[in-house]
Amino acid sequence: MSTRRLFIDDRHIRTMSRLIRTFHQAEKHPANPLLVADLPWERSVGHNHGTVIFDDGRFRLWYLVNAVISEAHGTNHCAYAESTDGISWSKPNLGLVTVNGASENNLVMLDTLQANVVKDDHDPDGARRFKLLYYGSGKEKPGVHPDSMGKDGYWGWCVAFSPDGFNWTREPENPVYTAVGDEGSCFGWDENEGKYVAFLRPCMWKPGHELRESVTWDPIEVGLHGWYKGAPAPVDDKMRQFPHQRLIGRTTSEDFVNWEPTSTALAMDDLDPPAAEFYSMSAFPYQGWMIGLLYVLYGDPEESLIRKKGLMDTQLVASRDGIDWLRLGHRQPFIPRGERGSFDMGMVGPNSGMAERDGKLWFYYNGWSGEHRETKAYRRLSDPGLFAMGRLCSGIGLATLRQDGFISIDAGDDEGVLETTAEAVSGRQLVVNAVTSGNGEIRIEVLDREGSVLPGFATESCAPFQGNSVSHTVRWKESALAGLEGDDYSFRFRMRQASLYAYTLNLSP
């Protein structure tokens with residue numbers, strides 16, 4: 001099967017007339033939230049990145065739980081749940097971590113502020129088949145700097161390895177990377193880059209700190225501003241432009257342990273609201289693209305605090321190389337906040353991972369009823385917090401989207417025409433993902449290099465598509481694509497009352 005051609009950009013569009021591009025939001029599942037804090041030690045779930053993977057016939061979820069384990073540990077830990085249908089979840093007793101003297105719980109690792117799990121088929125070492133990138137936070141290890149997370153110490157970014165996703169071995173040299181902030185996600189192995197890629201928040205830059213000639217290990221300054229291998233972390237133009245705001249950074253590694261200095265991958269621009277910040281971003285590969293779910297904080301421009309209050313939702317971005325990104329949907333939320341009174345009315349944040357099931361894309365997200373900064377109240381060990389008082393609730397929900405359904409090309413009552421760029425036909429079929437309404441239809445012509453319709457592939461020879469299908473095979477009365485192999489051709493879509501999401505050139509029957 002070849003890569004499907006999406007319409008996120010114009011790469012596969014030569015001309016288009018009487019057609020519009022439409023951005024589509026994901027649709028929330030009516031049973032949300034699917035997973036909540038319902039175990040004795042769980043105070044909340046899903047504040048930061050977790051990961052969902054469909055593996056060996058089941059959905060596997062590593063999620064963040066806020067739990068009081070003991071005075072020797074922090075309050076943020078990695079828990080595990082699984083499901084056969086992705087809707088009903090169980091939290092198995094794993095016997096890996098002791099909580100209040102008992103090991104009957106679903107925790108897999110303590111003192112984690114993120115849970116970025118990668119099932120790595122690239123690595124031949126079975127003991128490292130599953131990789132975990134997380135931000136260490138807790139009392140057992142000397143912190144990089146003390147802060148307000150229940151008076152925990154922030155360690156920095158850490159890694160661990162596992163053969164099965166349950167039994168983890170922490171890297172002895174943890175933390176492996178301290179020159180970044182405490183939020184981020186792991187894309188995993190990038191075939192095009194030939195490296196592991198992660199999107200970690202750059203440290204907030206303090207003007208002038210990179211000019212210091214002497215280096216004194218100041219834990220607070222290291223945590224806030226970042227050092228890389230004994231020297232101030234490199235600072236790029238976007239970090240200078242936004243010295244006290246959250247940005248999306250990008251870093252790479254050849255071995256998942258040694259990471260290159262972070263550079264800015266995404267920053268705000270004039271079209272973003274004042275005081276908006278990019279909290280974090282999860283990313284996954286899809287049909288030749290890197291799709292990003294951008295977690296956006298809408299701060300109060302009148303507030304002077306760096307850690308701004310504000311509501312949060314998730315926007316959609318896309319890139320072909322992980323470096324240059326497109327903002328999609330005119331900054332509309334891809335997964336919007338819920339209605340008043342819902343568990344996700346304050347914040348909607350993405351998890352890592354995406355599953356393709358039954359012609360749809362499945363996204364699991366974290367929802368909170370409160371706004372940013374309110375959630376910190378429940379984490380103070382000396383204070384019952386808003387969560388305990390019933391003013392905050394949290395959960396993990398599901399949002400789905402039609403396969404390839406990020407952007408569609410739409411035609412109304414008048415016929416619209418789209419011509420694709422020419423490319424080699426190396427298969428036997430043309431398959432489209434499309435839907436029509438009323439008396440709408442789609443017919444396709446095949447054009448040669450000069451733009452002329454090939455005999456046997458004209459509009460009147462094409463069996464019209466009507467209906468709703470994510471994989472409809474286009475047919476012509478007397479001709480087939482098999483006879484065109486080895487040369488460049490383009491396609492002309494003639495559409496009425498129809499939406500086209502994607503097409504594929506070289507599927508074999």
# chains A, B, ... in the order shown; residues from 1 in each chain; ligands from 1
>>> closest_atom_pairs(of="range 14-92 of chain A", to="range 309-333 of chain A", cutoff="12 Å", atoms="only C-alpha atoms", output="JSON lines")
{"residue": "A:Arg21", "atom": "CA", "partner": "A:Gly329", "partner_atom": "CA", "distance": 9.6}
{"residue": "A:Thr22", "atom": "CA", "partner": "A:Gly329", "partner_atom": "CA", "distance": 7.9}
{"residue": "A:Phe23", "atom": "CA", "partner": "A:Gly329", "partner_atom": "CA", "distance": 5.2}
{"residue": "A:His24", "atom": "CA", "partner": "A:Gly329", "partner_atom": "CA", "distance": 7.7}
{"residue": "A:Gln25", "atom": "CA", "partner": "A:Pro333", "partner_atom": "CA", "distance": 7.2}
{"residue": "A:Ala26", "atom": "CA", "partner": "A:Pro333", "partner_atom": "CA", "distance": 9.2}
{"residue": "A:Glu27", "atom": "CA", "partner": "A:Pro333", "partner_atom": "CA", "distance": 11.6}
{"residue": "A:His47", "atom": "CA", "partner": "A:Met312", "partner_atom": "CA", "distance": 12.0}
>>> residues_around(residues="Ser369 in chain A", least_positions_apart="5", cutoff="12 Å", atoms="only C-alpha atoms", output="compact mmCIF listing (two decimals) with N, CA, C and O atoms, in the first residue's frame")
# COMPACT_ATOMS: atom_id res chain seq x y z
N PRO A 33 -15.98 11.00 30.40
CA PRO A 33 -14.60 10.49 30.35
C PRO A 33 -14.57 8.97 30.48
O PRO A 33 -15.34 8.39 31.24
N SER A 44 -6.05 12.29 40.95
CA SER A 44 -6.42 12.81 39.63
C SER A 44 -5.66 12.02 38.59
O SER A 44 -4.68 11.33 38.89
N HIS A 47 -2.82 14.74 34.01
CA HIS A 47 -2.45 16.16 33.94
C HIS A 47 -1.47 16.42 32.79
O HIS A 47 -1.58 17.42 32.09
N GLY A 310 -5.03 30.40 32.89
CA GLY A 310 -5.70 30.42 31.60
C GLY A 310 -6.31 29.09 31.21
O GLY A 310 -5.96 28.04 31.77
N LEU A 311 -7.24 29.14 30.28
CA LEU A 311 -7.85 27.96 29.71
C LEU A 311 -6.94 27.38 28.64
O LEU A 311 -6.07 28.07 28.09
N MET A 312 -7.14 26.09 28.31
CA MET A 312 -6.25 25.42 27.36
C MET A 312 -7.04 24.48 26.47
O MET A 312 -8.00 23.84 26.91
N ASP A 313 -6.65 24.43 25.19
CA ASP A 313 -7.22 23.43 24.30
C ASP A 313 -6.15 22.93 23.34
O ASP A 313 -4.97 23.29 23.46
N ARG A 337 -12.53 22.52 24.17
CA ARG A 337 -12.97 22.35 25.54
C ARG A 337 -14.45 21.98 25.58
O ARG A 337 -15.21 22.30 24.68
N GLY A 338 -14.84 21.33 26.67
CA GLY A 338 -16.22 20.91 26.82
C GLY A 338 -17.13 22.02 27.31
O GLY A 338 -16.69 23.13 27.64
N GLU A 339 -18.40 21.70 27.37
CA GLU A 339 -19.39 22.65 27.84
C GLU A 339 -19.26 22.87 29.35
O GLU A 339 -18.63 22.09 30.06
N ARG A 340 -19.88 23.93 29.81
CA ARG A 340 -19.83 24.25 31.24
C ARG A 340 -20.37 23.08 32.05
O ARG A 340 -21.42 22.52 31.74
N GLY A 341 -19.63 22.70 33.08
CA GLY A 341 -20.03 21.59 33.92
C GLY A 341 -19.40 20.27 33.53
O GLY A 341 -19.51 19.28 34.27
N SER A 342 -18.71 20.21 32.39
CA SER A 342 -18.10 18.96 31.94
C SER A 342 -16.70 18.81 32.53
O SER A 342 -16.09 19.77 32.98
N PHE A 343 -16.19 17.58 32.51
CA PHE A 343 -14.88 17.31 33.08
C PHE A 343 -13.77 18.01 32.32
O PHE A 343 -12.68 18.22 32.86
N ASP A 344 -14.00 18.37 31.06
CA ASP A 344 -12.96 18.97 30.22
C ASP A 344 -13.27 20.41 29.84
O ASP A 344 -12.84 20.88 28.80
N MET A 345 -14.00 21.12 30.69
CA MET A 345 -14.38 22.48 30.32
C MET A 345 -13.25 23.48 30.50
O MET A 345 -13.29 24.57 29.95
N GLY A 346 -12.20 23.10 31.27
CA GLY A 346 -11.11 24.05 31.51
C GLY A 346 -9.89 23.83 30.66
O GLY A 346 -9.30 24.77 30.13
N MET A 347 -9.51 22.56 30.50
CA MET A 347 -8.29 22.23 29.75
C MET A 347 -8.49 20.93 29.00
O MET A 347 -9.07 19.98 29.53
N VAL A 348 -8.00 20.89 27.78
CA VAL A 348 -8.01 19.69 26.94
C VAL A 348 -6.61 19.51 26.37
O VAL A 348 -6.17 20.30 25.53
N GLY A 349 -5.89 18.50 26.85
CA GLY A 349 -4.51 18.28 26.43
C GLY A 349 -4.31 16.93 25.79
O GLY A 349 -4.95 15.95 26.18
N GLU A 374 -4.84 26.37 38.60
CA GLU A 374 -5.76 25.79 39.58
C GLU A 374 -5.34 24.37 39.93
O GLU A 374 -5.46 23.92 41.07
N THR A 375 -4.84 23.64 38.92
CA THR A 375 -4.50 22.24 39.15
C THR A 375 -3.35 22.08 40.14
O THR A 375 -3.19 21.01 40.73
N LEU A 386 -8.17 21.95 45.58
CA LEU A 386 -9.46 22.11 44.93
C LEU A 386 -10.06 20.78 44.52
O LEU A 386 -11.28 20.61 44.52
N PHE A 387 -9.20 19.83 44.15
CA PHE A 387 -9.70 18.52 43.74
C PHE A 387 -10.44 17.84 44.88
O PHE A 387 -11.55 17.34 44.73
N GLY A 390 -13.83 19.12 45.70
CA GLY A 390 -14.87 18.93 44.70
C GLY A 390 -14.93 20.01 43.64
O GLY A 390 -15.86 20.04 42.84
N ARG A 391 -13.96 20.91 43.63
CA ARG A 391 -13.99 21.98 42.64
C ARG A 391 -13.23 21.63 41.38
O ARG A 391 -13.29 22.35 40.39
N LEU A 392 -12.48 20.55 41.41
CA LEU A 392 -11.76 20.10 40.22
C LEU A 392 -12.10 18.65 39.93
O LEU A 392 -12.25 17.85 40.85
N CYS A 393 -12.22 18.32 38.66
CA CYS A 393 -12.31 16.92 38.28
C CYS A 393 -11.46 16.72 37.04
O CYS A 393 -11.17 17.65 36.29
N SER A 394 -11.02 15.48 36.83
CA SER A 394 -10.15 15.18 35.71
C SER A 394 -10.57 13.85 35.10
O SER A 394 -11.30 13.07 35.72
N GLY A 395 -10.10 13.59 33.91
CA GLY A 395 -10.38 12.32 33.26
C GLY A 395 -9.68 12.23 31.93
O GLY A 395 -9.10 13.21 31.44
N ILE A 396 -9.74 11.05 31.33
CA ILE A 396 -9.18 10.83 30.00
C ILE A 396 -10.32 10.48 29.07
O ILE A 396 -11.12 9.58 29.35
>>> residues_around(residues="Leu113 in chain A", least_positions_apart="5", cutoff="7 Å", atoms="only C-alpha atoms", output="list of chain:residue names")
A:Asn48, A:Asn76, A:His77, A:Tyr134, A:Tyr135, A:Gly136, A:Ser137
>>> write_last_selection(atoms="N, CA and C atoms", output="JSON list (two decimals), in the first residue's frame")
[["chain", "number", "residue", "atom", "x", "y", "z"],
["A", 48, "ASN", "N", -0.50, 15.54, 32.60],
["A", 48, "ASN", "CA", 0.50, 15.71, 31.55],
["A", 48, "ASN", "C", 0.45, 14.53, 30.59],
["A", 76, "ASN", "N", 3.62, 12.55, 41.41],
["A", 76, "ASN", "CA", 3.28, 12.24, 40.03],
["A", 76, "ASN", "C", 3.93, 10.92, 39.62],
["A", 77, "HIS", "N", 3.10, 10.01, 39.12],
["A", 77, "HIS", "CA", 3.57, 8.66, 38.84],
["A", 77, "HIS", "C", 2.90, 8.12, 37.57],
["A", 134, "TYR", "N", 10.68, 10.47, 30.12],
["A", 134, "TYR", "CA", 9.86, 11.10, 31.14],
["A", 134, "TYR", "C", 10.68, 12.16, 31.87],
["A", 135, "TYR", "N", 9.96, 13.06, 32.51],
["A", 135, "TYR", "CA", 10.63, 14.07, 33.31],
["A", 135, "TYR", "C", 10.59, 13.60, 34.76],
["A", 136, "GLY", "N", 11.77, 13.33, 35.33],
["A", 136, "GLY", "CA", 11.85, 12.82, 36.69],
["A", 136, "GLY", "C", 11.53, 13.90, 37.70],
["A", 137, "SER", "N", 10.73, 13.53, 38.69],
["A", 137, "SER", "CA", 10.34, 14.50, 39.69],
["A", 137, "SER", "C", 10.04, 13.78, 40.99]]
>>> atom_distance(atom1="CA of Gln245 in chain A", atom2="CA of Phe284 in chain A")
24.7 Å
>>> residues_around(residues="Ser490 in chain A", least_positions_apart="2", cutoff="9 Å", atoms="only C-alpha atoms", output="list in words")
Glu419, Thr420, Thr421, Ala422, Glu423, Ala424, Val425, Glu445, Val446, Leu447, Asp448, Arg449, Gly451, Asp488 and Arg492 of chain A
>>> closest_residue(among="A:Ala463, A:Leu247, A:Ala355, A:Ala79", to="Asp55 in chain A", atoms="only C-alpha atoms")
A:Ala355
>>> residues_around(residues="range 253-261 of chain A", least_positions_apart="2", cutoff="6 Å", atoms="only C-alpha atoms", output="list in words")
Lys195, Tyr196 and Thr251 of chain A
>>> write_last_selection(atoms="N, CA, C and O atoms", output="PDB file, in the first residue's frame")
ATOM      1  N   LYS A 195      17.105   9.226  13.223  1.00  0.00           N
ATOM      2  CA  LYS A 195      17.356   9.479  14.641  1.00  0.00           C
ATOM      3  C   LYS A 195      16.033   9.443  15.394  1.00  0.00           C
ATOM      4  O   LYS A 195      14.958   9.481  14.799  1.00  0.00           O
ATOM      5  N   TYR A 196      16.140   9.380  16.716  1.00  0.00           N
ATOM      6  CA  TYR A 196      14.974   9.576  17.558  1.00  0.00           C
ATOM      7  C   TYR A 196      14.693  11.071  17.653  1.00  0.00           C
ATOM      8  O   TYR A 196      15.615  11.883  17.710  1.00  0.00           O
ATOM      9  N   THR A 251      14.476  18.167  19.552  1.00  0.00           N
ATOM     10  CA  THR A 251      15.804  17.612  19.782  1.00  0.00           C
ATOM     11  C   THR A 251      15.866  16.216  19.185  1.00  0.00           C
ATOM     12  O   THR A 251      14.830  15.570  18.985  1.00  0.00           O
TER      13      THR A 251
END
>>> residues_around(residues="range 39-43 of chain A", least_positions_apart="6", cutoff="10 Å", atoms="only C-alpha atoms", output="mmCIF file with C-alpha atoms, in the first residue's frame")
data_model
loop_
_atom_site.group_PDB
_atom_site.id
_atom_site.type_symbol
_atom_site.label_atom_id
_atom_site.label_comp_id
_atom_site.auth_asym_id
_atom_site.auth_seq_id
_atom_site.Cartn_x
_atom_site.Cartn_y
_atom_site.Cartn_z
ATOM 1 C CA LEU A 64 -0.073 10.109 34.661
ATOM 2 C CA VAL A 65 -1.670 9.801 38.058
ATOM 3 C CA ASN A 66 -1.392 12.146 41.002
ATOM 4 C CA ALA A 67 -1.023 9.936 44.071
ATOM 5 C CA VAL A 68 0.446 10.201 47.553
ATOM 6 C CA ILE A 69 2.743 7.174 47.826
ATOM 7 C CA THR A 75 3.098 12.992 43.772
ATOM 8 C CA HIS A 77 3.568 8.661 38.837
ATOM 9 C CA ALA A 79 0.051 4.082 35.873
ATOM 10 C CA LYS A 91 -6.522 -1.138 35.622
ATOM 11 C CA VAL A 99 1.619 1.751 47.854
ATOM 12 C CA ASN A 100 0.844 2.009 51.553
ATOM 13 C CA ASN A 105 -2.041 -1.612 42.099
ATOM 14 C CA ASN A 106 -1.558 -0.584 38.473
ATOM 15 C CA TYR A 378 -4.396 19.679 44.588
ATOM 16 C CA ARG A 379 -0.692 18.749 44.436
ATOM 17 C CA PHE A 387 -9.698 18.516 43.737
ATOM 18 C CA ALA A 388 -10.431 17.173 47.219
ATOM 19 C CA CYS A 393 -12.311 16.920 38.279
ATOM 20 C CA SER A 394 -10.151 15.177 35.708
#
>>> residues_around(residues="Gly483 in chain A", least_positions_apart="4", cutoff="10 Å", atoms="only C-alpha atoms", output="VMD selection string")
chain A and resid 425 to 428 479
